[in-house]
Every structure is written in C-alpha cells, then in structure tokens.
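Pasted below: coords-v3.cif, mmCIF, C-alpha atoms.
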data_query
loop_
_atom_site.group_PDB
_atom_site.id
_atom_site.type_symbol
_atom_site.label_atom_id
_atom_site.label_comp_id
_atom_site.auth_asym_id
_atom_site.auth_seq_id
_atom_site.Cartn_x
_atom_site.Cartn_y
_atom_site.Cartn_z
ATOM 1 C CA MET A 188 -50.900 66.595 108.092
ATOM 2 C CA ALA A 189 -48.905 63.962 109.918
ATOM 3 C CA GLY A 190 -51.602 61.378 109.105
ATOM 4 C CA ALA A 191 -51.521 62.267 105.417
ATOM 5 C CA THR A 192 -47.715 62.017 105.392
ATOM 6 C CA LEU A 193 -47.880 58.602 107.066
ATOM 7 C CA LEU A 194 -50.453 57.377 104.521
ATOM 8 C CA THR A 195 -48.249 58.654 101.674
ATOM 9 C CA LEU A 196 -45.251 56.831 103.166
ATOM 10 C CA LEU A 197 -47.241 53.590 103.544
ATOM 11 C CA ASP A 198 -48.446 53.928 99.944
ATOM 12 C CA ASP A 199 -44.867 54.418 98.735
ATOM 13 C CA ILE A 200 -43.747 51.369 100.718
ATOM 14 C CA ALA A 201 -46.607 49.279 99.303
ATOM 15 C CA THR A 202 -45.725 50.389 95.759
ATOM 16 C CA LEU A 203 -42.057 49.576 96.344
ATOM 17 C CA LEU A 204 -42.881 46.105 97.699
ATOM 18 C CA ASP A 205 -45.191 45.479 94.751
ATOM 19 C CA ASP A 206 -42.402 46.476 92.342
ATOM 20 C CA VAL A 207 -39.969 44.195 94.189
ATOM 21 C CA SER A 208 -42.449 41.307 93.966
ATOM 22 C CA ILE A 209 -42.894 41.760 90.199
ATOM 23 C CA LEU A 210 -39.135 42.087 89.639
ATOM 24 C CA THR A 211 -38.434 39.012 91.777
ATOM 25 C CA LYS A 212 -40.813 36.920 89.665
ATOM 26 C CA ALA A 213 -39.196 38.185 86.455
ATOM 27 C CA ALA A 214 -35.709 37.457 87.813
ATOM 28 C CA ALA A 215 -36.805 33.946 88.847
ATOM 29 C CA LYS A 216 -37.715 33.205 85.210
ATOM 30 C CA LYS A 217 -34.365 34.573 83.998
ATOM 31 C CA THR A 218 -32.352 32.523 86.499
ATOM 32 C CA ALA A 219 -34.336 29.264 86.272
ATOM 33 C CA GLY A 220 -31.519 27.440 84.453
ATOM 34 C CA VAL A 221 -28.866 28.410 86.962
ATOM 35 C CA ILE A 222 -31.149 27.608 89.907
ATOM 36 C CA GLY A 223 -31.959 24.180 88.452
ATOM 37 C CA ASP A 224 -28.284 23.407 87.864
ATOM 38 C CA ASP A 225 -27.323 24.823 91.274
ATOM 39 C CA LEU A 226 -29.933 22.619 92.926
ATOM 40 C CA ALA A 227 -28.814 19.446 91.144
ATOM 41 C CA LEU A 228 -25.137 20.195 91.688
ATOM 42 C CA ASN A 229 -25.490 20.909 95.404
ATOM 43 C CA ALA A 230 -27.602 17.806 95.950
ATOM 44 C CA GLN A 231 -24.811 15.801 94.294
ATOM 45 C CA GLN A 232 -22.162 17.529 96.435
ATOM 46 C CA VAL A 233 -23.618 15.853 99.526
ATOM 47 C CA ALA A 234 -23.448 12.411 97.927
ATOM 48 C CA GLY A 235 -21.133 10.100 99.840
ATOM 49 C CA VAL A 236 -21.536 11.955 103.158
ATOM 50 C CA LYS A 237 -22.713 9.874 106.123
ATOM 51 C CA ALA A 238 -26.447 10.154 106.734
ATOM 52 C CA ASN A 239 -26.002 11.848 110.131
ATOM 53 C CA ARG A 240 -23.680 14.480 108.594
ATOM 54 C CA GLU A 241 -25.727 15.376 105.486
ATOM 55 C CA LEU A 242 -27.687 18.225 107.071
ATOM 56 C CA PRO A 243 -24.608 19.741 108.815
ATOM 57 C CA VAL A 244 -22.822 19.760 105.436
ATOM 58 C CA VAL A 245 -25.829 21.405 103.738
ATOM 59 C CA TRP A 246 -25.958 23.959 106.588
ATOM 60 C CA GLY A 247 -22.242 24.696 106.159
ATOM 61 C CA VAL A 248 -22.628 25.281 102.420
ATOM 62 C CA PHE A 249 -25.761 27.379 103.046
ATOM 63 C CA LYS A 250 -23.811 29.716 105.366
ATOM 64 C CA GLY A 251 -21.006 29.952 102.808
ATOM 65 C CA SER A 252 -23.562 30.777 100.111
ATOM 66 C CA LEU A 253 -24.936 33.630 102.227
ATOM 67 C CA VAL A 254 -21.399 35.044 102.548
ATOM 68 C CA ASN A 255 -21.044 34.773 98.761
ATOM 69 C CA LYS A 256 -24.248 36.769 98.308
ATOM 70 C CA LEU A 257 -23.044 39.415 100.804
ATOM 71 C CA ILE A 258 -20.041 39.938 98.522
ATOM 72 C CA LEU A 259 -21.802 39.675 95.158
ATOM 73 C CA VAL A 260 -24.918 41.819 95.751
ATOM 74 C CA PRO A 261 -22.995 45.009 96.744
ATOM 75 C CA ALA A 262 -20.552 44.396 93.861
ATOM 76 C CA ALA A 263 -23.460 44.102 91.400
ATOM 77 C CA LEU A 264 -25.117 47.248 92.764
ATOM 78 C CA LEU A 265 -21.820 49.133 92.460
ATOM 79 C CA ILE A 266 -21.497 48.096 88.803
ATOM 80 C CA SER A 267 -25.093 49.098 88.052
ATOM 81 C CA TRP A 268 -24.446 52.499 89.653
ATOM 82 C CA LEU A 269 -20.976 53.315 88.280
ATOM 83 C CA ALA A 270 -21.085 51.520 84.915
ATOM 84 C CA PRO A 271 -24.653 50.446 83.983
ATOM 85 C CA VAL A 272 -23.514 49.962 80.390
ATOM 86 C CA LEU A 273 -21.656 46.842 81.586
ATOM 87 C CA VAL A 274 -24.832 45.085 82.775
ATOM 88 C CA ILE A 275 -25.849 43.580 79.411
ATOM 89 C CA PRO A 276 -22.281 42.537 78.416
ATOM 90 C CA LEU A 277 -21.853 40.884 81.826
ATOM 91 C CA MET A 278 -25.205 39.192 81.392
ATOM 92 C CA MET A 279 -24.101 37.845 77.994
ATOM 93 C CA VAL A 280 -20.829 36.607 79.485
ATOM 94 C CA GLY A 281 -22.887 34.824 82.132
ATOM 95 C CA GLY A 282 -25.137 33.410 79.401
ATOM 96 C CA ALA A 283 -22.127 32.184 77.412
ATOM 97 C CA TYR A 284 -20.755 30.503 80.533
ATOM 98 C CA LEU A 285 -24.137 28.819 81.113
ATOM 99 C CA CYS A 286 -24.126 27.478 77.543
ATOM 100 C CA TYR A 287 -20.511 26.339 77.930
ATOM 101 C CA GLU A 288 -21.308 24.464 81.145
ATOM 102 C CA GLY A 289 -24.373 22.887 79.554
ATOM 103 C CA PHE A 290 -22.477 21.765 76.432
ATOM 104 C CA GLU A 291 -19.659 20.346 78.548
ATOM 105 C CA LYS A 292 -22.218 18.311 80.503
ATOM 106 C CA VAL A 293 -23.605 16.926 77.244
ATOM 107 C CA LEU A 294 -20.119 16.028 75.968
ATOM 108 C CA GLU A 295 -19.247 14.453 79.311
ATOM 109 C CA LYS A 296 -22.379 12.314 79.186
ATOM 110 C CA LEU A 297 -21.901 11.265 75.549
ATOM 111 C CA PHE A 298 -18.146 10.699 75.343
ATOM 112 C CA HIS A 299 -16.645 10.534 78.825
ATOM 113 C CA SER A 300 -18.887 8.156 80.718
ATOM 114 C CA HIS A 301 -16.957 6.904 83.748
ATOM 115 C CA ALA A 302 -17.472 3.660 85.625
ATOM 116 C CA LYS A 303 -19.045 3.941 89.047
ATOM 117 C CA PRO A 304 -16.381 4.390 91.754
ATOM 118 C CA ASP A 305 -15.664 1.367 93.924
ATOM 119 C CA PRO A 306 -16.686 2.253 97.522
ATOM 120 C CA GLU A 307 -13.942 0.045 98.971
ATOM 121 C CA ALA A 308 -11.242 1.623 96.778
ATOM 122 C CA ARG A 309 -12.528 5.090 97.692
ATOM 123 C CA ALA A 310 -12.407 4.227 101.390
ATOM 124 C CA LYS A 311 -8.802 3.018 101.047
ATOM 125 C CA ALA A 312 -7.847 6.235 99.237
ATOM 126 C CA VAL A 313 -9.381 8.298 102.050
ATOM 127 C CA LEU A 314 -7.447 6.339 104.686
ATOM 128 C CA ALA A 315 -4.219 6.699 102.690
ATOM 129 C CA SER A 316 -4.668 10.488 102.547
ATOM 130 C CA GLY A 317 -4.375 10.701 106.343
ATOM 131 C CA GLU A 318 -7.237 13.226 106.543
ATOM 132 C CA THR A 319 -9.803 12.938 109.319
ATOM 133 C CA PRO A 320 -13.528 12.695 108.465
ATOM 134 C CA LEU A 321 -13.989 16.250 109.801
ATOM 135 C CA GLU A 322 -11.197 17.583 107.560
ATOM 136 C CA LEU A 323 -12.702 15.815 104.541
ATOM 137 C CA GLU A 324 -16.094 17.284 105.396
ATOM 138 C CA LYS A 325 -14.643 20.796 105.617
ATOM 139 C CA LYS A 326 -12.892 20.292 102.269
ATOM 140 C CA LYS A 327 -16.176 19.184 100.683
ATOM 141 C CA ILE A 328 -17.942 22.250 102.090
ATOM 142 C CA LYS A 329 -15.213 24.605 100.825
ATOM 143 C CA GLY A 330 -15.388 23.076 97.344
ATOM 144 C CA ALA A 331 -19.181 23.394 97.295
ATOM 145 C CA VAL A 332 -18.985 27.041 98.449
ATOM 146 C CA ARG A 333 -16.488 27.821 95.647
ATOM 147 C CA THR A 334 -18.869 26.284 93.114
ATOM 148 C CA ASP A 335 -21.758 28.199 94.669
ATOM 149 C CA PHE A 336 -19.844 31.479 94.222
ATOM 150 C CA ILE A 337 -19.726 30.990 90.439
ATOM 151 C CA LEU A 338 -23.383 29.996 90.197
ATOM 152 C CA SER A 339 -24.430 32.789 92.583
ATOM 153 C CA ALA A 340 -22.545 35.328 90.449
ATOM 154 C CA GLU A 341 -24.516 34.159 87.417
ATOM 155 C CA ILE A 342 -27.811 34.449 89.315
ATOM 156 C CA ILE A 343 -26.992 37.968 90.552
ATOM 157 C CA VAL A 344 -25.833 39.186 87.117
ATOM 158 C CA LEU A 345 -28.937 37.786 85.404
ATOM 159 C CA SER A 346 -31.163 39.297 88.107
ATOM 160 C CA LEU A 347 -29.349 42.636 87.835
ATOM 161 C CA ALA A 348 -30.368 42.890 84.183
ATOM 162 C CA VAL A 349 -34.021 42.648 85.233
ATOM 163 C CA VAL A 350 -33.765 45.460 87.811
ATOM 164 C CA ALA A 351 -31.151 47.618 86.031
ATOM 165 C CA ASP A 352 -33.604 50.404 85.131
ATOM 166 C CA GLU A 353 -35.095 50.705 88.615
ATOM 167 C CA SER A 354 -34.106 53.171 91.348
ATOM 168 C CA LEU A 355 -31.128 52.307 93.557
ATOM 169 C CA LEU A 356 -33.409 51.524 96.516
ATOM 170 C CA THR A 357 -35.611 49.180 94.450
ATOM 171 C CA ARG A 358 -32.527 47.503 92.958
ATOM 172 C CA THR A 359 -31.002 47.011 96.389
ATOM 173 C CA ILE A 360 -34.142 45.514 97.943
ATOM 174 C CA ALA A 361 -34.978 43.387 94.896
ATOM 175 C CA LEU A 362 -31.473 41.917 94.571
ATOM 176 C CA SER A 363 -31.308 41.265 98.325
ATOM 177 C CA VAL A 364 -34.708 39.519 98.287
ATOM 178 C CA ILE A 365 -33.751 37.468 95.223
ATOM 179 C CA ALA A 366 -30.382 36.464 96.720
ATOM 180 C CA LEU A 367 -31.910 35.413 100.054
ATOM 181 C CA ALA A 368 -34.932 33.673 98.503
ATOM 182 C CA VAL A 369 -32.803 31.706 96.028
ATOM 183 C CA THR A 370 -30.377 30.607 98.765
ATOM 184 C CA VAL A 371 -33.141 29.492 101.134
ATOM 185 C CA PHE A 372 -35.026 27.767 98.297
ATOM 186 C CA ILE A 373 -32.006 25.898 96.917
ATOM 187 C CA TYR A 374 -30.540 24.683 100.196
ATOM 188 C CA GLY A 375 -33.928 24.012 101.777
ATOM 189 C CA LEU A 376 -34.777 21.802 98.813
ATOM 190 C CA VAL A 377 -31.321 20.195 98.852
ATOM 191 C CA ALA A 378 -31.803 19.334 102.539
ATOM 192 C CA ALA A 379 -35.181 17.777 101.709
ATOM 193 C CA ILE A 380 -33.826 15.858 98.695
ATOM 194 C CA VAL A 381 -30.874 14.312 100.541
ATOM 195 C CA LYS A 382 -33.241 13.106 103.258
ATOM 196 C CA VAL A 383 -35.852 11.606 100.938
ATOM 197 C CA ASP A 384 -34.177 8.181 100.932
ATOM 198 C CA ASP A 385 -33.810 8.268 104.735
ATOM 199 C CA ALA A 386 -37.500 9.107 105.021
ATOM 200 C CA GLY A 387 -38.224 6.196 102.689
ATOM 201 C CA LEU A 388 -36.173 3.780 104.800
ATOM 202 C CA TRP A 389 -37.952 4.993 107.951
ATOM 203 C CA MET A 390 -41.361 4.511 106.312
ATOM 204 C CA ASP A 391 -40.353 1.043 105.117
ATOM 205 C CA LYS A 392 -39.959 -0.055 108.744
ATOM 206 C CA ARG A 393 -43.406 1.195 109.795
ATOM 207 C CA PRO A 394 -46.204 -1.332 110.379
ATOM 208 C CA GLY A 395 -48.843 -1.854 107.752
ATOM 209 C CA VAL A 396 -48.755 -2.197 103.979
ATOM 210 C CA LEU A 397 -49.291 1.237 102.401
ATOM 211 C CA VAL A 398 -46.687 3.263 104.340
ATOM 212 C CA PRO A 399 -43.827 0.736 103.832
ATOM 213 C CA ALA A 400 -44.740 0.478 100.133
ATOM 214 C CA LEU A 401 -44.566 4.287 99.812
ATOM 215 C CA GLY A 402 -41.219 4.235 101.623
ATOM 216 C CA ARG A 403 -39.759 1.680 99.227
ATOM 217 C CA GLY A 404 -41.095 3.790 96.348
ATOM 218 C CA LEU A 405 -39.275 6.872 97.678
ATOM 219 C CA VAL A 406 -35.994 4.940 97.990
ATOM 220 C CA TYR A 407 -36.398 3.690 94.414
ATOM 221 C CA VAL A 408 -37.371 7.094 92.982
ATOM 222 C CA THR A 409 -34.608 9.185 94.647
ATOM 223 C CA PRO A 410 -31.736 8.277 92.235
ATOM 224 C CA TRP A 411 -34.030 8.890 89.242
ATOM 225 C CA MET A 412 -35.080 12.222 90.725
ATOM 226 C CA MET A 413 -31.428 13.263 90.967
ATOM 227 C CA LYS A 414 -30.844 12.295 87.322
ATOM 228 C CA ALA A 415 -33.968 14.178 86.242
ATOM 229 C CA LEU A 416 -32.788 17.298 88.098
ATOM 230 C CA GLY A 417 -29.480 17.139 86.260
ATOM 231 C CA ILE A 418 -31.153 16.774 82.844
ATOM 232 C CA ILE A 419 -33.706 19.530 83.500
ATOM 233 C CA GLY A 420 -30.957 21.800 84.818
ATOM 234 C CA THR A 421 -28.826 21.249 81.690
ATOM 235 C CA ILE A 422 -31.713 21.978 79.307
ATOM 236 C CA ALA A 423 -32.611 25.069 81.319
ATOM 237 C CA MET A 424 -28.999 26.281 81.062
ATOM 238 C CA PHE A 425 -29.253 26.243 77.247
ATOM 239 C CA LEU A 426 -32.676 27.909 77.326
ATOM 240 C CA VAL A 427 -31.647 30.699 79.703
ATOM 241 C CA GLY A 428 -28.168 31.207 78.222
ATOM 242 C CA GLY A 429 -29.444 31.117 74.645
ATOM 243 C CA GLY A 430 -32.404 33.327 75.577
ATOM 244 C CA ILE A 431 -30.017 36.043 76.758
ATOM 245 C CA PHE A 432 -28.471 36.216 73.274
ATOM 246 C CA VAL A 433 -31.815 35.925 71.473
ATOM 247 C CA HIS A 434 -33.328 38.801 73.464
ATOM 248 C CA ASN A 435 -30.280 41.090 73.275
ATOM 249 C CA ILE A 436 -29.096 40.625 69.682
ATOM 250 C CA ASP A 437 -31.456 42.263 67.183
ATOM 251 C CA ALA A 438 -30.786 39.778 64.349
ATOM 252 C CA LEU A 439 -31.629 36.794 66.565
ATOM 253 C CA HIS A 440 -34.686 38.512 67.998
ATOM 254 C CA HIS A 441 -35.844 39.252 64.427
ATOM 255 C CA LEU A 442 -35.402 35.548 63.621
ATOM 256 C CA VAL A 443 -37.888 34.686 66.384
ATOM 257 C CA GLU A 444 -40.364 37.171 64.875
ATOM 258 C CA VAL A 445 -39.891 35.524 61.471
ATOM 259 C CA MET A 446 -40.591 32.100 63.016
ATOM 260 C CA GLU A 447 -43.747 33.511 64.572
ATOM 261 C CA GLY A 448 -44.695 34.813 61.118
ATOM 262 C CA TRP A 449 -44.505 31.221 59.846
ATOM 263 C CA GLY A 450 -47.336 30.381 62.222
ATOM 264 C CA LEU A 451 -45.351 29.068 65.191
ATOM 265 C CA PRO A 452 -46.726 30.060 68.623
ATOM 266 C CA ALA A 453 -44.593 32.758 70.303
ATOM 267 C CA PHE A 454 -43.601 30.430 73.166
ATOM 268 C CA VAL A 455 -42.510 27.639 70.793
ATOM 269 C CA ALA A 456 -40.534 30.040 68.574
ATOM 270 C CA ASP A 457 -38.799 31.687 71.532
ATOM 271 C CA THR A 458 -38.037 28.381 73.281
ATOM 272 C CA GLY A 459 -36.807 26.688 70.107
ATOM 273 C CA ALA A 460 -34.573 29.622 69.153
ATOM 274 C CA SER A 461 -33.176 29.907 72.683
ATOM 275 C CA LEU A 462 -32.381 26.178 72.825
ATOM 276 C CA VAL A 463 -30.664 26.101 69.415
ATOM 277 C CA VAL A 464 -28.727 29.337 70.025
ATOM 278 C CA GLY A 465 -27.757 28.124 73.508
ATOM 279 C CA MET A 466 -26.322 24.880 72.129
ATOM 280 C CA LEU A 467 -24.499 26.702 69.311
ATOM 281 C CA VAL A 468 -22.975 29.231 71.736
ATOM 282 C CA GLY A 469 -21.982 26.379 74.056
ATOM 283 C CA ALA A 470 -20.315 24.497 71.178
ATOM 284 C CA LEU A 471 -18.445 27.640 70.069
ATOM 285 C CA VAL A 472 -17.180 28.412 73.572
ATOM 286 C CA VAL A 473 -16.138 24.791 74.195
ATOM 287 C CA GLY A 474 -14.325 24.813 70.843
ATOM 288 C CA ALA A 475 -12.627 28.136 71.635
ATOM 289 C CA VAL A 476 -11.518 26.900 75.061
ATOM 290 C CA GLY A 477 -10.209 23.672 73.516
ATOM 291 C CA LEU A 478 -8.280 25.616 70.867
ATOM 292 C CA PHE A 479 -6.862 27.970 73.508
ATOM 293 C CA ASN A 480 -5.670 24.997 75.566
ATOM 294 C CA ARG A 481 -4.054 23.425 72.498
ATOM 295 C CA VAL A 482 -2.221 26.665 71.682
ATOM 296 C CA ARG A 483 -0.971 26.752 75.271
ATOM 297 C CA GLY A 484 0.149 23.140 74.865
ATOM 298 C CA LYS A 485 -2.246 21.884 77.508
ATOM 299 C CA ALA A 486 -3.603 18.391 77.024
ATOM 300 C CA PRO A 487 -7.412 18.080 76.835
ATOM 301 C CA ALA A 488 -7.518 15.805 79.860
ATOM 302 C CA GLU A 489 -5.615 18.364 81.912
ATOM 303 C CA ALA A 490 -7.897 21.141 80.712
ATOM 304 C CA HIS A 491 -10.959 19.271 81.858
#
As structure tokens, what does this structure read like?
Amino acid sequence: MAGATLLTLLDDIATLLDDVSILTKAAAKKTAGVIGDDLALNAQQVAGVKANRELPVVWGVFKGSLVNKLILVPAALLISWLAPVLVIPLMMVGGAYLCYEGFEKVLEKLFHSHAKPDPEARAKAVLASGETPLELEKKKIKGAVRTDFILSAEIIVLSLAVVADESLLTRTIALSVIALAVTVFIYGLVAAIVKVDDAGLWMDKRPGVLVPALGRGLVYVTPWMMKALGIIGTIAMFLVGGGIFVHNIDALHHLVEVMEGWGLPAFVADTGASLVVGMLVGALVVGAVGLFNRVRGKAPAEAH
C-alpha cells in the first residue's frame, strides 16, 4: 500500500514537472520581446564601467533582479487567485507598454540621434559631481535594478497569462521557475557579452596567427552585436505586444484568419498582423502620452 502511494506521488510529481516544462516553454515564447530588450538594455547599462568592475556590477544588478522577482511573483499569484479576471487586462496593459517602448525607440533613432559623448567631458563631469567611483557604481546598479523591475513585471504578467488556468501549485512552481530561469539567462548572457571584447583582446595577444585573428574579430564584432540585440529586441517588442492584442481581441484575431484565407501561411499572417498592430498601438500610446503632456503644459523634452 505504501509502495503504491509512493508510486502515485512520484507520478503526480512527474506530471506536475512535465506541465511546468510545457508552460515554461510557452511563457518563453510570450516573453521573448521583453527578454530580448532586457538583455540589450542590461548589456548597455554596464557600458562605461571599468573592465575589472563589469562583473561586480552585473552581479549587483542580478541580486537586485532576484529581489524584484521575490516581490513580483507573489503579487502576480495573489492577483491570479483573488481577481483572475484582471490577468488579461494587465497583460494588455503590459503589451501596450511594450509597443510604446518600442515605438519610442524607433522615434529616438529616427529623429533624436545624439552625438557620441566625449569621454574627457564625461570624466570632468564625474569629477565635478564629487561622487566616488564606488558611489557612481552603486547609483548605476540602482538605476539598472529600477529598470529591471519594470521589465520583470512585464515578464511575470505575460507569463501569468500562460499559467492562469492551472492549479495554484502549478502556477506557483511555473512562475518561480520562469522568474529564476529568465534572471539567470539574462544576466549570465550579459556577463558573457560584456566580457567578449576582453576575451578578444586576450586572444589577440596569444602567439600564432589564428587565435589573434579570432580575437581581433571578436573585438570588431562586439559593438555590432550590441546594436543587433537592440534592433532584434525592438522588433520583438512590437511582435509580442501586438500579438497580445491580436490574440485577445476577436476582430483582430478574425483578421488573421481572413489573411490565412487569402493563402498566407499562418505564421506569416500572425507575425505580420502582430507587427503592424504592435506599431499602431505604440504610435497611439506615444501620441496619447504626448497629448497628455501638452495638456499638462509639460514640454516634450521634459517628458522624454
């Protein structure tokens, strides 16, 4: 009897873990845009930090991100328990914010291109501030952790929609696994990215021909890799944000079905609709925010 009970328990655990695995994969697809943007943004946050302090800064932000998740996961579970009807509206708010962020990035790139900062002028400004390098480092970490809180909230809300219909235990385990996996993935990759150029410089000094050539290639590729991450992250924000509206508004979902009826492959129709809807939502939210700031009498430069 005891053996049968143990086997039943092990079977239940295996089923639960299998469910968690499936849900985690589904949530990863939903949150791809936020993860891509989070990755690019956090890699950029470390820019300008001395080489020997890059990993400590990444570690500091990583610990802050874990604290953020410890706050956000219980809050999300509480919402899904007390007011599950709020899950989809919250998800759409998160999607709208994703589209807004993506559209702002596009506008910034097209119309507000800034000249590269002068390192000497930046150094003088730092000295004039009277802050020590350690204080500046702590300020950078705090700013990155604040940014991470917003992006983490989006990831948790989007993931919550995937697991909303599951039991409380499955939801709890799935969200916890997603939160931990995303944090380790993002900051592990950030740590690797910020050290790619250092690895390249080290390889460049090795004897031989092939290894130094590979090292110089890594140093050359790193800035382009950072730019590519930013572009991919922005596109993914429109796709994920727009996809939330396409999949949760019947009229938009019907439009995708109509496009499929025209002979378009399902993936192309869904991706195209999500991208267009994402950009339109982003433009509407940016316009609404701009109008709100004008009504308040706030100058556009101050709003940005």
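Neighbouring residues of Gly387 in chain A at 10 Å or closer, counting all atoms listed in the file and skipping chain neighbours under 2 positions away, are A:Lys382, A:Val383, A:Asp384, A:Asp385, A:Trp389, A:Met390, A:Asp391, A:Lys392, A:Val398, A:Pro399, A:Ala400, A:Leu401, A:Gly402, A:Arg403, A:Gly404, A:Leu405, A:Val406, A:Tyr407, A:Val408, A:Thr409.
Closest approach to Leu321 in chain A among A:Val244, A:Val482, A:Met412, A:Val427: A:Val244, based on all atoms listed in the file.
Atom pair CA of Ile373 in chain A / CA of Ile360 in chain A has a distance of 19.8 Å (rounded to one decimal).
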Chain and number of each residue from the PyMOL selection byres ((chain A and resi 253) around 10), as number ranges by chain: A: 248-252, 254-259, 332, 335-336, 339, 366-367, 370-371
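CA of Lys325 in chain A is positioned 23.5 Å from CA of Met413 in chain A.
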Nearest to Ala423 in chain A, chosen from A:Gly459, A:Gly289, A:Gly375, A:Pro243, with only C-alpha atoms counted in the distances: A:Gly289
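You can rank A:Thr334, A:Gly429, A:Glu353, A:Pro410 by their closest distance to Pro271 in chain A using only C-alpha atoms, and at the top of that list sits A:Glu353.
Atom pair CA of Val260 in chain A / CA of Ser354 in chain A: separated by 15.3 Å.
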Compute the distance from (-21.0, 18.3, 106.7) to each atom, counting only C-alpha atoms, keep the residues with any atom at most 7 Å away, and return them as an mmCIF file with C-alpha atoms, in the frame of the given file; use the coordinates of the file.
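So the final result, stored in part00.cif, reads:
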data_model
loop_
_atom_site.group_PDB
_atom_site.id
_atom_site.type_symbol
_atom_site.label_atom_id
_atom_site.label_comp_id
_atom_site.auth_asym_id
_atom_site.auth_seq_id
_atom_site.Cartn_x
_atom_site.Cartn_y
_atom_site.Cartn_z
ATOM 1 C CA ARG A 240 -23.680 14.480 108.594
ATOM 2 C CA GLU A 241 -25.727 15.376 105.486
ATOM 3 C CA LEU A 242 -27.687 18.225 107.071
ATOM 4 C CA PRO A 243 -24.608 19.741 108.815
ATOM 5 C CA VAL A 244 -22.822 19.760 105.436
ATOM 6 C CA VAL A 245 -25.829 21.405 103.738
ATOM 7 C CA GLY A 247 -22.242 24.696 106.159
ATOM 8 C CA GLU A 324 -16.094 17.284 105.396
ATOM 9 C CA LYS A 325 -14.643 20.796 105.617
ATOM 10 C CA ILE A 328 -17.942 22.250 102.090
#
Where's the centre, and what are the edge lengths in Å to one decimal, of a box along x, y and z enclosing all listed atoms of range 410-426 of chain A padded 6 Å per side, as lines of an AutoDock Vina configuration file?
center_x = -32.0
center_y = 18.1
center_z = 84.7
size_x = 18.3
size_y = 31.6
size_z = 27.0
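Residue nearest Phe432 in chain A, chosen from A:Glu295, A:Glu322, A:Asp457, A:Glu341 and counting all atoms listed in the file: A:Asp457.
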Residue contacts of Gly469 in chain A (9 Å, only C-alpha atoms) excluding same-chain residues fewer than 4 positions away, as JSON, numbers by chain: {"A": [283, 284, 285, 286, 287, 288, 289, 290, 291, 425, 428, 429, 464, 465, 473, 474]}
